[in-house]
Each structure stands twice: as structure tokens, then as C-alpha cells.
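Enquirer: Below is the structure I would like to discuss, written out as C-alpha cells.
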Amino acid sequence: QVQLVESGGGLAQTGGSLRLSCAASGSIFSINVMGWYRQAPGKQRDLVAVISSSGITNYASSVKGRFTISRDNAKNTVYLQMNSLKPEDTAVYSCGLNQRGSGYWGQGTQVTVSS
């Protein structure tokens, strides 16, 4: 079993920054992909950024140049540094982990950006 616990959400002003963290525990394999997804009210959950255990990253076009994903494999933790935040970044951000064909989700953390 795998557990994911997010932290770091909250309220920010337009142009501000927040840093999200997600710690994975349980049966974690060395090869996996971790990432962040977000869901705004009334919308589907979309990919924000993912990073493989080897450090390969992929970003949604809407966050490129503003958000940075990173990970600490020793701690099984993934981070999302969010800069230049916009009101349209407001959403519930969820951490996901995929390994050996199985996917796991955290409970999510609210990010609200005020204009």
C-alpha cells in the first residue's frame, strides 16, 4: 500500500509564490513517476507537472516558466514550487504516484490565488 500526504497549500496573492510538498510512504519502488494535478471547481483534473525517478520532467503549458517540480528520492518526496501565481491557478492540487502500472493519489490541498 502507498500513502501520499500533501502539504503547503493555502492562500496567495496574484504574483505570489507557494511551495507544495508530497511525501510518499509504504511500498515505494525505485522506478516511479510522481506528479501534481489540479482540479478547479466544475472542471476536470488536469496535469500540472510530473517527474520521473530519473528526473525527467513534463509541464502543462499553462505553468511552464512559472512552476518547478523537483523530488528527493531518498525521502520519496516531490515538490512543486509555484511562482508568479495567477487567479486561474486556484484549484485543489493533488499529488499522484504511478509505479508498475498502479496509480495512487493524495487527498489534495487547496490553493487559492486572490486577485
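Ordering of the C-alpha cells sets the chain letters (A, B, ...); residue numbers start at 1 within each chain; ligands are numbered from 1 in the order shown.
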Mind checking DSSP for stretch 13-114 of chain A and telling me the helix (DSSP H, G or I) residues as a PyMOL selection string?

Expert: chain A and resi 73-75+87-89

Enquirer: I need the residue nearest A:Met82 from this list: A:Val5, A:Leu97, A:Ala12, A:Ile56. Use only C-alpha atoms for the distance.

Expert: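 Selected residue with least distance to A:Met82: A:Ala12.
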
Enquirer: Expressed in Å to a single decimal, how great is the separation between atom CA of A:Leu85 and atom CA of A:Gly103?

Expert: 28.1 Å

Enquirer: Can you pull out every residue within 8 Å of A:Ala60, counting only C-alpha atoms, but drop anything in the same chain fewer than 6 positions away, and send it as JSON, numbers by chain?

Expert: {"A": [47, 48, 49]}

Enquirer: DSSP on the backbone, strand (DSSP E) only: what residues of stretch 45-104 of chain A does that give? Format it as an NGL selection string.

Expert: :A and (46-52 or 57-59 or 67-72 or 77-82 or 91-99 or 102-104)

Enquirer: Please produce an output containing N, CA and C atoms for each residue in the selection, written as a tab-separated table (two decimals), in the first residue's frame.

Expert:
```
chain	number	residue	atom	x	y	z
A	46	ASP	N	-6.57	18.10	-14.16
A	46	ASP	CA	-5.57	18.25	-15.21
A	46	ASP	C	-4.16	18.08	-14.66
A	47	LEU	N	-3.28	17.62	-15.51
A	47	LEU	CA	-1.88	17.51	-15.15
A	47	LEU	C	-1.27	18.90	-15.00
A	48	VAL	N	-0.47	19.06	-13.95
A	48	VAL	CA	0.30	20.29	-13.77
A	48	VAL	C	1.76	20.02	-14.15
A	49	ALA	N	2.34	19.01	-13.49
A	49	ALA	CA	3.74	18.66	-13.76
A	49	ALA	C	4.02	17.28	-13.21
A	50	VAL	N	4.87	16.54	-13.90
A	50	VAL	CA	5.28	15.23	-13.42
A	50	VAL	C	6.80	15.13	-13.52
A	51	ILE	N	7.35	14.22	-12.72
A	51	ILE	CA	8.79	13.99	-12.73
A	51	ILE	C	9.04	12.52	-12.48
A	52	SER	N	9.93	11.95	-13.29
A	52	SER	CA	10.26	10.55	-13.11
A	52	SER	C	11.34	10.41	-12.04
A	57	THR	N	11.20	15.64	-16.53
A	57	THR	CA	10.02	16.41	-16.15
A	57	THR	C	9.13	16.72	-17.36
A	58	ASN	N	7.89	16.99	-17.05
A	58	ASN	CA	6.92	17.41	-18.07
A	58	ASN	C	5.96	18.38	-17.40
A	59	TYR	N	5.66	19.48	-18.09
A	59	TYR	CA	4.81	20.51	-17.52
A	59	TYR	C	3.62	20.81	-18.44
A	67	PHE	N	6.17	27.38	-12.71
A	67	PHE	CA	6.20	26.30	-11.72
A	67	PHE	C	7.42	25.42	-11.97
A	68	THR	N	7.97	24.88	-10.88
A	68	THR	CA	9.09	23.96	-10.97
A	68	THR	C	8.83	22.74	-10.10
A	69	ILE	N	8.90	21.57	-10.71
A	69	ILE	CA	8.74	20.33	-9.97
A	69	ILE	C	10.12	19.75	-9.68
A	70	SER	N	10.26	19.18	-8.49
A	70	SER	CA	11.51	18.54	-8.12
A	70	SER	C	11.19	17.40	-7.15
A	71	ARG	N	12.18	16.57	-6.90
A	71	ARG	CA	11.94	15.45	-5.99
A	71	ARG	C	13.21	15.08	-5.25
A	72	ASP	N	12.98	14.47	-4.10
A	72	ASP	CA	14.07	13.92	-3.29
A	72	ASP	C	13.79	12.42	-3.19
A	77	THR	N	9.81	12.15	-1.75
A	77	THR	CA	9.05	13.39	-1.66
A	77	THR	C	9.18	14.17	-2.96
A	78	VAL	N	8.05	14.73	-3.39
A	78	VAL	CA	8.04	15.58	-4.58
A	78	VAL	C	7.57	16.97	-4.17
A	79	TYR	N	8.13	17.96	-4.83
A	79	TYR	CA	7.83	19.35	-4.51
A	79	TYR	C	7.31	20.07	-5.76
A	80	LEU	N	6.53	21.11	-5.51
A	80	LEU	CA	6.09	21.97	-6.60
A	80	LEU	C	6.27	23.41	-6.14
A	81	GLN	N	7.24	24.08	-6.71
A	81	GLN	CA	7.45	25.50	-6.44
A	81	GLN	C	6.61	26.30	-7.44
A	82	MET	N	5.71	27.06	-6.92
A	82	MET	CA	4.79	27.83	-7.77
A	82	MET	C	5.08	29.32	-7.61
A	91	ALA	N	-7.17	26.06	-7.37
A	91	ALA	CA	-7.66	24.70	-7.57
A	91	ALA	C	-7.26	23.85	-6.36
A	92	VAL	N	-7.78	22.63	-6.34
A	92	VAL	CA	-7.28	21.62	-5.41
A	92	VAL	C	-6.14	20.90	-6.12
A	93	TYR	N	-4.99	20.92	-5.51
A	93	TYR	CA	-3.80	20.29	-6.08
A	93	TYR	C	-3.60	18.93	-5.41
A	94	SER	N	-3.50	17.91	-6.24
A	94	SER	CA	-3.33	16.54	-5.74
A	94	SER	C	-2.01	15.98	-6.23
A	95	CYS	N	-1.40	15.22	-5.35
A	95	CYS	CA	-0.17	14.52	-5.69
A	95	CYS	C	-0.51	13.12	-6.18
A	96	GLY	N	0.20	12.68	-7.20
A	96	GLY	CA	-0.03	11.33	-7.72
A	96	GLY	C	1.28	10.60	-7.86
A	97	LEU	N	1.21	9.28	-7.70
A	97	LEU	CA	2.38	8.43	-7.90
A	97	LEU	C	1.96	7.25	-8.75
A	98	ASN	N	2.76	6.94	-9.75
A	98	ASN	CA	2.49	5.80	-10.62
A	98	ASN	C	3.72	4.90	-10.63
A	99	GLN	N	3.48	3.64	-10.32
A	99	GLN	CA	4.58	2.68	-10.34
A	99	GLN	C	4.06	1.31	-10.71
A	102	SER	N	0.37	0.84	-11.37
A	102	SER	CA	-0.62	1.21	-10.36
A	102	SER	C	-0.48	2.69	-10.02
A	103	GLY	N	-1.62	3.33	-9.83
A	103	GLY	CA	-1.62	4.75	-9.51
A	103	GLY	C	-2.19	5.01	-8.13
A	104	TYR	N	-1.66	6.02	-7.49
A	104	TYR	CA	-2.09	6.39	-6.14
A	104	TYR	C	-2.25	7.91	-6.07
```

Enquirer: Select, from A:Ser115, A:Gln44, A:Gln110, A:Gln3, the residue with the minimum atom-to-atom distance to A:Lys86, counting only C-alpha atoms.

Expert: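 For A:Lys86, the nearest of the given residues is A:Ser115.
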
Enquirer: When you count only C-alpha atoms, which of these residues is closest to A:Thr14: A:Asn73, A:Ser84, A:Val111, A:Gly106?

Expert: A:Ser84

Enquirer: Give me the residues within 8 Å of A:Thr112 as a PyMOL selection string, counting only C-alpha atoms and dropping any in the same chain fewer than 6 places off.

Expert: chain A and resi 10-12+87+89-91

Enquirer: Please report the interatomic distance between atom CA of A:Ile28 and atom CA of A:Gly101 in Å with one decimal.

Expert: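 Atom CA of A:Gly101 lies at a distance of 12.7 Å from atom CA of A:Ile28.
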
Enquirer: Please determine, counting only C-alpha atoms, which residue among A:Ser17, A:Ser54, A:Ser7, A:Asn83 has the shortest atom-to-atom distance to A:Arg66.

Expert: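 Using only C-alpha atoms, A:Arg66 sits closest to A:Asn83.
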